$ cat start_35.cif   # mmCIF, C-alpha atoms (C1' of nucleotides)
data_start
loop_
_atom_site.label_atom_id
_atom_site.label_comp_id
_atom_site.auth_asym_id
_atom_site.auth_seq_id
_atom_site.Cartn_x
_atom_site.Cartn_y
_atom_site.Cartn_z
CA MET A 1 -73.07 -174.17 -38.30
CA THR A 2 -71.43 -170.79 -38.20
CA ALA A 3 -68.51 -172.08 -40.24
CA GLU A 4 -70.87 -173.61 -42.76
CA SER A 5 -72.79 -170.48 -43.46
CA ILE A 6 -69.60 -168.44 -43.69
CA LEU A 7 -68.22 -170.87 -46.24
CA ASN A 8 -71.45 -170.87 -48.12
CA LEU A 9 -71.69 -167.11 -48.21
CA GLY A 10 -68.08 -166.74 -49.32
CA GLU A 11 -68.57 -169.02 -52.29
CA ILE A 12 -71.83 -167.53 -53.38
CA THR A 13 -70.74 -163.92 -53.11
CA THR A 14 -67.54 -164.62 -55.02
CA GLN A 15 -69.43 -166.37 -57.80
CA ASN A 16 -71.59 -163.30 -58.16
CA SER A 17 -68.78 -160.78 -57.85
CA TYR A 18 -70.03 -159.49 -54.56
CA ARG A 19 -67.86 -159.41 -51.49
CA CYS A 20 -68.08 -161.24 -48.23
CA SER A 21 -67.88 -158.40 -45.76
CA LYS A 22 -67.80 -158.89 -42.02
CA GLN A 23 -71.18 -157.21 -41.75
CA ARG A 24 -72.80 -159.38 -44.38
CA ASN A 25 -71.45 -162.47 -42.74
CA LEU A 26 -72.60 -161.45 -39.32
CA ILE A 27 -76.08 -160.53 -40.54
CA LEU A 28 -76.63 -163.90 -42.19
CA ASP A 29 -75.18 -165.82 -39.29
CA THR A 30 -77.22 -163.99 -36.71
CA LEU A 31 -80.44 -164.53 -38.63
CA VAL A 32 -79.82 -168.24 -39.18
CA GLU A 33 -78.82 -168.84 -35.60
CA SER A 34 -81.80 -166.95 -34.20
CA LYS A 35 -84.12 -169.47 -35.87
CA LYS A 36 -86.73 -166.74 -35.79
CA HIS A 37 -88.54 -164.56 -38.27
CA LEU A 38 -86.95 -161.25 -37.51
CA ASN A 39 -87.59 -157.91 -39.10
CA ALA A 40 -84.72 -155.65 -40.07
CA GLN A 41 -84.90 -153.62 -36.88
CA GLU A 42 -84.82 -156.67 -34.61
CA LEU A 43 -81.95 -158.19 -36.52
CA TYR A 44 -80.15 -154.86 -36.39
CA GLU A 45 -80.42 -154.84 -32.62
CA LEU A 46 -79.00 -158.35 -32.32
CA VAL A 47 -76.18 -157.66 -34.74
CA ARG A 48 -75.30 -154.44 -33.00
CA LYS A 49 -74.32 -156.37 -29.89
CA LYS A 50 -71.38 -157.81 -31.76
CA ARG A 51 -70.67 -154.82 -33.99
CA PRO A 52 -72.01 -151.65 -32.42
CA LYS A 53 -71.17 -149.36 -35.33
CA ILE A 54 -73.23 -151.23 -37.93
CA SER A 55 -76.04 -149.19 -39.43
CA LEU A 56 -79.63 -150.09 -40.05
CA GLY A 57 -79.19 -149.25 -43.72
CA THR A 58 -76.53 -151.91 -44.00
CA VAL A 59 -78.86 -154.46 -42.50
CA TYR A 60 -81.54 -153.57 -45.03
CA ARG A 61 -79.15 -153.59 -47.97
CA ASN A 62 -77.72 -156.94 -46.98
CA LEU A 63 -81.06 -158.56 -46.39
CA ASN A 64 -82.12 -157.52 -49.85
CA LEU A 65 -78.97 -158.94 -51.37
CA LEU A 66 -79.14 -162.17 -49.37
CA GLN A 67 -82.68 -162.60 -50.54
CA LYS A 68 -81.62 -162.09 -54.15
CA LEU A 69 -78.87 -164.67 -53.67
CA GLY A 70 -81.43 -167.10 -52.28
CA LEU A 71 -79.83 -167.29 -48.86
CA VAL A 72 -82.79 -165.95 -46.93
CA ASN A 73 -86.51 -165.83 -47.56
CA THR A 74 -88.77 -162.87 -47.09
CA ILE A 75 -92.11 -163.33 -45.45
CA TYR A 76 -94.66 -160.67 -44.70
CA HIS A 77 -96.25 -160.13 -41.33
CA HIS A 78 -99.02 -157.52 -41.36
CA GLY A 79 -97.50 -156.16 -44.53
CA LYS A 80 -94.06 -155.70 -43.04
CA LYS A 81 -91.05 -157.70 -44.15
CA ARG A 82 -89.55 -160.39 -41.98
CA TYR A 83 -86.67 -162.60 -42.87
CA ASP A 84 -86.26 -166.33 -42.54
CA GLY A 85 -82.86 -167.99 -42.65
CA ARG A 86 -84.37 -171.41 -43.06
CA LEU A 87 -84.39 -172.44 -46.68
CA GLU A 88 -86.18 -175.81 -46.81
CA THR A 89 -89.82 -175.67 -47.85
CA HIS A 90 -92.02 -175.10 -44.88
CA TYR A 91 -95.08 -173.12 -43.93
CA HIS A 92 -95.90 -170.60 -41.28
CA ILE A 93 -98.66 -170.08 -38.83
CA LEU A 94 -99.53 -166.76 -37.30
CA CYS A 95 -101.15 -166.96 -33.91
CA VAL A 96 -104.04 -164.51 -33.92
CA ASN A 97 -103.79 -164.19 -30.16
CA CYS A 98 -100.12 -163.58 -29.44
CA ASP A 99 -99.17 -162.57 -32.99
CA GLU A 100 -96.15 -164.87 -33.03
CA MET A 101 -95.20 -166.48 -36.31
CA THR A 102 -94.02 -170.06 -36.08
CA ASP A 103 -92.83 -172.68 -38.50
CA LEU A 104 -95.32 -175.34 -39.35
CA GLU A 105 -94.33 -178.83 -40.38
CA VAL A 106 -96.87 -180.30 -42.75
CA ASP A 107 -96.51 -183.13 -45.22
CA GLY A 108 -98.67 -183.58 -48.23
CA LEU A 109 -98.96 -179.93 -49.16
CA SER A 110 -96.19 -179.92 -51.73
CA ASP A 111 -98.67 -181.01 -54.39
CA LEU A 112 -100.83 -177.93 -53.96
CA GLY A 113 -99.68 -176.71 -57.34
CA ILE A 114 -100.73 -179.96 -58.90
CA GLN A 115 -104.15 -179.72 -57.32
CA VAL A 116 -104.64 -176.31 -58.79
CA ASP A 117 -103.01 -176.59 -62.16
CA PRO A 118 -105.61 -178.60 -64.10
CA LYS A 119 -108.38 -176.23 -63.11
CA THR A 120 -106.87 -173.10 -64.55
CA ARG A 121 -104.76 -171.93 -67.40
CA PHE A 122 -102.13 -170.64 -65.03
CA ARG A 123 -98.74 -172.19 -64.81
CA ILE A 124 -98.19 -172.44 -61.08
CA LEU A 125 -94.65 -171.88 -59.92
CA GLU A 126 -94.97 -171.92 -56.18
CA ASN A 127 -97.33 -170.98 -53.42
CA GLY A 128 -97.20 -168.85 -50.35
CA LEU A 129 -99.34 -170.33 -47.70
CA ILE A 130 -99.87 -168.92 -44.29
CA PHE A 131 -102.15 -170.23 -41.64
CA PHE A 132 -103.93 -168.26 -39.00
CA GLY A 133 -104.72 -169.99 -35.77
CA ILE A 134 -104.14 -170.29 -32.07
CA CYS A 135 -100.85 -171.67 -30.86
CA PRO A 136 -100.54 -174.28 -28.10
CA THR A 137 -99.41 -171.73 -25.54
CA CYS A 138 -102.39 -169.46 -26.13
CA HIS A 139 -104.75 -172.46 -26.12
CA ILE A 140 -103.91 -172.97 -22.51
CA GLU A 141 -104.04 -169.35 -21.49
CA LEU A 142 -107.42 -168.65 -23.07
CA MET B 143 -125.95 -154.52 -57.63
CA THR B 144 -125.43 -150.91 -56.73
CA ALA B 145 -128.75 -150.84 -54.92
CA GLU B 146 -127.86 -154.01 -53.09
CA SER B 147 -124.61 -152.79 -51.71
CA ILE B 148 -126.13 -149.46 -50.69
CA LEU B 149 -128.87 -151.28 -48.83
CA ASN B 150 -126.36 -153.62 -47.28
CA LEU B 151 -124.08 -150.83 -46.17
CA GLY B 152 -126.96 -148.82 -44.77
CA GLU B 153 -128.12 -151.68 -42.58
CA ILE B 154 -124.70 -152.62 -41.35
CA THR B 155 -123.57 -149.12 -40.54
CA THR B 156 -126.77 -148.39 -38.66
CA GLN B 157 -126.46 -151.58 -36.63
CA ASN B 158 -123.00 -150.49 -35.59
CA SER B 159 -123.85 -146.84 -34.99
CA TYR B 160 -121.79 -145.66 -37.89
CA ARG B 161 -123.22 -143.58 -40.68
CA CYS B 162 -123.77 -144.23 -44.31
CA SER B 163 -122.10 -141.23 -45.88
CA LYS B 164 -122.07 -140.54 -49.58
CA GLN B 165 -118.33 -141.08 -49.63
CA ARG B 166 -118.48 -144.40 -47.80
CA ASN B 167 -121.15 -145.61 -50.16
CA LEU B 168 -119.29 -144.55 -53.23
CA ILE B 169 -116.04 -146.12 -52.06
CA LEU B 170 -117.63 -149.51 -51.44
CA ASP B 171 -119.62 -149.40 -54.64
CA THR B 172 -116.67 -148.45 -56.76
CA LEU B 173 -114.51 -151.20 -55.31
CA VAL B 174 -117.16 -153.89 -55.75
CA GLU B 175 -117.96 -152.83 -59.27
CA SER B 176 -114.33 -152.68 -60.32
CA LYS B 177 -113.97 -156.41 -59.58
CA LYS B 178 -110.30 -155.73 -59.09
CA HIS B 179 -107.84 -155.71 -56.24
CA LEU B 180 -107.22 -152.01 -55.96
CA ASN B 181 -104.97 -150.20 -53.57
CA ALA B 182 -106.16 -147.07 -51.82
CA GLN B 183 -104.56 -144.73 -54.34
CA GLU B 184 -106.12 -146.46 -57.34
CA LEU B 185 -109.52 -146.53 -55.71
CA TYR B 186 -109.11 -142.87 -54.79
CA GLU B 187 -108.51 -142.01 -58.42
CA LEU B 188 -111.63 -143.86 -59.55
CA VAL B 189 -113.79 -142.38 -56.85
CA ARG B 190 -112.54 -138.90 -57.57
CA LYS B 191 -114.13 -139.04 -61.00
CA LYS B 192 -117.54 -139.00 -59.37
CA ARG B 193 -116.66 -136.85 -56.38
CA PRO B 194 -113.63 -134.72 -57.11
CA LYS B 195 -113.31 -133.24 -53.62
CA ILE B 196 -112.93 -136.55 -51.81
CA SER B 197 -109.63 -136.94 -50.02
CA LEU B 198 -107.22 -139.86 -49.93
CA GLY B 199 -107.46 -139.92 -46.15
CA THR B 200 -111.19 -140.55 -46.41
CA VAL B 201 -110.56 -143.48 -48.72
CA TYR B 202 -108.09 -144.98 -46.26
CA ARG B 203 -110.34 -144.40 -43.27
CA ASN B 204 -113.30 -145.96 -45.02
CA LEU B 205 -111.42 -148.96 -46.28
CA ASN B 206 -110.30 -149.66 -42.74
CA LEU B 207 -113.82 -149.39 -41.44
CA LEU B 208 -115.31 -151.48 -44.26
CA GLN B 209 -112.74 -154.12 -43.51
CA LYS B 210 -113.69 -154.08 -39.84
CA LEU B 211 -117.35 -154.42 -40.81
CA GLY B 212 -116.48 -157.39 -42.98
CA LEU B 213 -117.56 -155.74 -46.21
CA VAL B 214 -114.17 -155.84 -47.90
CA ASN B 215 -111.12 -158.03 -47.53
CA THR B 216 -107.56 -156.85 -47.33
CA ILE B 217 -104.91 -158.66 -49.29
CA TYR B 218 -101.25 -157.83 -49.44
CA HIS B 219 -99.32 -157.41 -52.66
CA HIS B 220 -95.60 -156.99 -52.11
CA GLY B 221 -96.37 -155.91 -48.59
CA LYS B 222 -98.79 -153.19 -49.63
CA LYS B 223 -102.49 -153.31 -48.89
CA ARG B 224 -105.03 -154.00 -51.60
CA TYR B 225 -108.74 -154.34 -51.16
CA ASP B 226 -111.13 -156.94 -52.46
CA GLY B 227 -114.85 -156.34 -52.56
CA ARG B 228 -115.59 -159.98 -53.23
CA LEU B 229 -116.48 -161.77 -50.05
CA GLU B 230 -116.91 -165.44 -50.99
CA THR B 231 -113.93 -167.68 -50.21
CA HIS B 232 -111.51 -167.66 -53.07
CA TYR B 233 -107.80 -167.58 -53.67
CA HIS B 234 -105.46 -165.34 -55.58
CA ILE B 235 -102.66 -165.82 -58.02
CA LEU B 236 -99.94 -163.29 -58.62
CA CYS B 237 -98.39 -163.41 -62.06
CA VAL B 238 -94.66 -163.12 -61.58
CA ASN B 239 -94.32 -161.69 -65.07
CA CYS B 240 -96.93 -158.94 -65.29
CA ASP B 241 -97.50 -158.64 -61.54
CA GLU B 242 -101.27 -158.76 -61.91
CA MET B 243 -103.26 -160.37 -59.16
CA THR B 244 -106.20 -162.46 -60.27
CA ASP B 245 -108.89 -164.50 -58.59
CA LEU B 246 -108.40 -168.22 -58.71
CA GLU B 247 -111.25 -170.68 -58.58
CA VAL B 248 -110.21 -173.88 -56.93
CA ASP B 249 -112.31 -176.59 -55.34
CA GLY B 250 -111.08 -178.96 -52.73
CA LEU B 251 -108.88 -176.52 -50.87
CA SER B 252 -111.39 -175.70 -48.18
CA ASP B 253 -110.18 -178.67 -46.16
CA LEU B 254 -106.64 -177.34 -45.89
CA GLY B 255 -107.18 -176.70 -42.20
CA ILE B 256 -108.27 -180.26 -41.71
CA GLN B 257 -105.18 -181.54 -43.49
CA VAL B 258 -102.97 -179.57 -41.17
CA ASP B 259 -104.72 -179.83 -37.86
CA PRO B 260 -103.88 -183.43 -36.86
CA LYS B 261 -100.19 -182.84 -37.39
CA THR B 262 -99.78 -179.98 -34.97
CA ARG B 263 -101.12 -178.68 -31.74
CA PHE B 264 -102.36 -175.53 -33.41
CA ARG B 265 -106.01 -174.79 -33.73
CA ILE B 266 -106.31 -173.62 -37.30
CA LEU B 267 -108.81 -170.85 -37.93
CA GLU B 268 -108.28 -170.01 -41.55
CA ASN B 269 -105.58 -169.83 -44.15
CA GLY B 270 -104.23 -167.25 -46.48
CA LEU B 271 -103.06 -168.85 -49.64
CA ILE B 272 -101.53 -167.10 -52.56
CA PHE B 273 -100.13 -168.68 -55.65
CA PHE B 274 -97.32 -167.40 -57.77
CA GLY B 275 -97.34 -168.30 -61.42
CA ILE B 276 -97.61 -167.17 -64.98
CA CYS B 277 -100.97 -166.05 -66.26
CA PRO B 278 -102.43 -167.16 -69.61
CA THR B 279 -101.69 -163.83 -71.25
CA CYS B 280 -98.03 -163.89 -70.28
CA HIS B 281 -97.76 -167.54 -71.35
CA ILE B 282 -98.42 -166.46 -74.88
CA GLU B 283 -96.18 -163.45 -74.85
CA LEU B 284 -93.19 -165.25 -73.41
"C1'" DG C 285 -55.73 -150.11 -56.93
"C1'" DT C 286 -60.38 -150.90 -58.00
"C1'" DC C 287 -64.91 -151.28 -57.11
"C1'" DA C 288 -68.12 -153.09 -53.71
"C1'" DA C 289 -69.84 -152.12 -49.12
"C1'" DT C 290 -70.34 -149.17 -45.23
"C1'" DG C 291 -72.16 -145.41 -42.06
"C1'" DC C 292 -74.77 -141.65 -41.87
"C1'" DA C 293 -78.57 -138.82 -42.94
"C1'" DA C 294 -81.93 -137.41 -45.96
"C1'" DA C 295 -85.57 -138.93 -48.90
"C1'" DT C 296 -89.42 -141.79 -50.31
"C1'" DC C 297 -93.52 -144.40 -50.13
"C1'" DC C 298 -97.65 -145.93 -47.90
"C1'" DT C 299 -100.66 -145.16 -44.30
"C1'" DT C 300 -102.46 -142.88 -40.24
"C1'" DT C 301 -103.81 -138.92 -37.49
"C1'" DG C 302 -105.16 -134.10 -35.59
"C1'" DC C 303 -108.22 -130.61 -36.14
"C1'" DA C 304 -111.66 -127.45 -37.60
"C1'" DT C 305 -115.74 -127.94 -40.37
"C1'" DT C 306 -119.65 -130.41 -42.40
"C1'" DC C 307 -123.21 -133.75 -42.60
"C1'" DG C 308 -126.34 -137.79 -41.28
"C1'" DG C 309 -129.90 -139.62 -38.38
"C1'" DC D 310 -128.75 -131.05 -32.25
"C1'" DC D 311 -124.98 -134.49 -31.43
"C1'" DG D 312 -121.54 -137.13 -32.69
"C1'" DA D 313 -119.67 -139.35 -36.77
"C1'" DA D 314 -117.33 -138.32 -41.08
"C1'" DT D 315 -114.89 -135.22 -44.04
"C1'" DG D 316 -110.98 -132.48 -46.20
"C1'" DC D 317 -106.71 -130.92 -45.58
"C1'" DA D 318 -102.16 -131.14 -44.15
"C1'" DA D 319 -98.89 -132.79 -41.17
"C1'" DA D 320 -96.93 -136.82 -38.91
"C1'" DG D 321 -95.50 -141.62 -38.66
"C1'" DG D 322 -93.21 -145.95 -39.64
"C1'" DA D 323 -90.76 -148.99 -42.74
"C1'" DT D 324 -87.61 -149.07 -46.29
"C1'" DT D 325 -84.52 -147.08 -49.76
"C1'" DT D 326 -81.01 -144.05 -51.48
"C1'" DG D 327 -77.02 -140.49 -52.17
"C1'" DC D 328 -72.58 -139.65 -50.98
"C1'" DA D 329 -68.08 -139.50 -49.03
"C1'" DT D 330 -65.21 -142.93 -46.87
"C1'" DT D 331 -63.60 -147.60 -45.87
"C1'" DG D 332 -62.55 -152.28 -46.87
"C1'" DA D 333 -62.25 -156.77 -49.68
"C1'" DC D 334 -59.91 -159.13 -53.16
#
$ encode --input "start_35.cif" --output "structure tokens"
Amino acid sequence: MTAESILNLGEITTQNSYRCSKQRNLILDTLVESKKHLNAQELYELVRKKRPKISLGTVYRNLNLLQKLGLVNTIYHHGKKRYDGRLETHYHILCVNCDEMTDLEVDGLSDLGIQVDPKTRFRILENGLIFFGICPTCHIEL
Amino acid sequence: MTAESILNLGEITTQNSYRCSKQRNLILDTLVESKKHLNAQELYELVRKKRPKISLGTVYRNLNLLQKLGLVNTIYHHGKKRYDGRLETHYHILCVNCDEMTDLEVDGLSDLGIQVDPKTRFRILENGLIFFGICPTCHIEL
DNA sequence: GTCAATGCAAATCCTTTGCATTCGG
DNA sequence: CCGAATGCAAAGGATTTGCATTGAC
């Protein structure tokens, strides 16, 4: 998995005349492997364990570039950016109790655009859908 | 409509032992009448036309309170807060060309929670759905 | 060698907050 | 009158940016 993403990043950066720096590589790898929705600060703290001299600015700059290259997705959590290294279409749920954001696997929502399209004169490109609810863990605790 | 919202605000603030100040009133009224999704700065500039001494801090403080009282909704636009004085359930579309956010009237989406619920162990409370597309005006221009 | 990327710190943008004063009920 | 709300300015948090130096190709 690590090797894959390194390969992937190398190709894509070269194609776009960017470079595949150690930092950029590490940032992407760490995000993907975390399987979480980290903000820049959290990712910075993880990455720093392997490369203590890295700066927060570098993390921000790289996340912006990786987003532009389509290698990570940005999601907002209370108006703050978080990053998602998972690229397949999926949705998120925010637990209103513990505030954790989790991936949600749902079929049959990919035609949302189709549902909407005929009713408006908008050309729908994609949708951002976030659910608010109570996660299984908090169910039990409440 | 103005009278309505004043009445409404008066009742609700009293019930919650808040007060119905001239500023609070004006802020709510101006937002509702604009029928737009304004950010605090934009609303501040509108409100200042009628009450030049009002401060931006007051606009922020009141928007937060009005949100808590359920009289306005907060929506995020590129991670920044915008406020919506329309309270009925509706969705928004963000035009990726002109960046305008517009209300979207769609039936048959209110059962989104029901679609999702059986597939997960989450208890869905509500959803935040935003569409990204191209608005009729930009269609023509492109 | 060239130009992109880094580390660092300062700057920016949006939003919140502290405080003395004013106003609503 | 009492406590909530205001205006003002300063502070706060997240993100971006300028610049000299380093590193990738």
$ atom_distance --input "start_35.cif" --atom1 "C1' of DT290 in chain C" --atom2 "CA of Lys53 in chain A"
9.9 Å
$ resolve_selection --input "start_35.cif" --expression "the PyMOL selection byres ((chain C and resi 297) around 12)" --output "PDB file with C-alpha atoms (C1' of nucleotides), keeping the file's coordinate frame"
ATOM      1  CA  GLN B 183    -104.560-144.730 -54.340  1.00  0.00           C
ATOM      2  CA  GLY B 221     -96.370-155.910 -48.590  1.00  0.00           C
ATOM      3  CA  LYS B 222     -98.790-153.190 -49.630  1.00  0.00           C
TER       4      LYS B 222
ATOM      5  C1'  DA C 295     -85.570-138.930 -48.900  1.00  0.00           C
ATOM      6  C1'  DT C 296     -89.420-141.790 -50.310  1.00  0.00           C
ATOM      7  C1'  DC C 298     -97.650-145.930 -47.900  1.00  0.00           C
ATOM      8  C1'  DT C 299    -100.660-145.160 -44.300  1.00  0.00           C
TER       9       DT C 299
ATOM     10  C1'  DG D 321     -95.500-141.620 -38.660  1.00  0.00           C
ATOM     11  C1'  DG D 322     -93.210-145.950 -39.640  1.00  0.00           C
ATOM     12  C1'  DA D 323     -90.760-148.990 -42.740  1.00  0.00           C
ATOM     13  C1'  DT D 324     -87.610-149.070 -46.290  1.00  0.00           C
ATOM     14  C1'  DT D 325     -84.520-147.080 -49.760  1.00  0.00           C
TER      15       DT D 325
END
$ resolve_selection --input "start_35.cif" --expression "the PyMOL selection byres ((chain A) within 8 of (chain C))" --output "ChimeraX atom specification"
/A:18-19,21,53-55,58
$ resolve_selection --input "start_35.cif" --expression "the PyMOL selection byres ((chain A) within 12 of (chain D))" --output "PyMOL selection string"
chain A and resi 10+13-14+17-23+39-41+56-61+63-64+78-82
$ interface_residues --input "start_35.cif" --of "chain B" --to "chain A" --cutoff "7 Å" --atoms "all atoms listed in the file" --output "count of residues only"
22
$ atom_distance --input "start_35.cif" --atom1 "CA of His232 in chain B" --atom2 "CA of Ile154 in chain B"
23.2 Å
$ atom_distance --input "start_35.cif" --atom1 "CA of Thr74 in chain A" --atom2 "CA of Glu230 in chain B"
28.5 Å
$ residues_around --input "start_35.cif" --residues "His37 in chain A" --least-positions-apart "5" --cutoff "8 Å" --atoms "only C-alpha atoms (C1' of nucleotides)" --output "ChimeraX atom specification"
/A:82-85,101
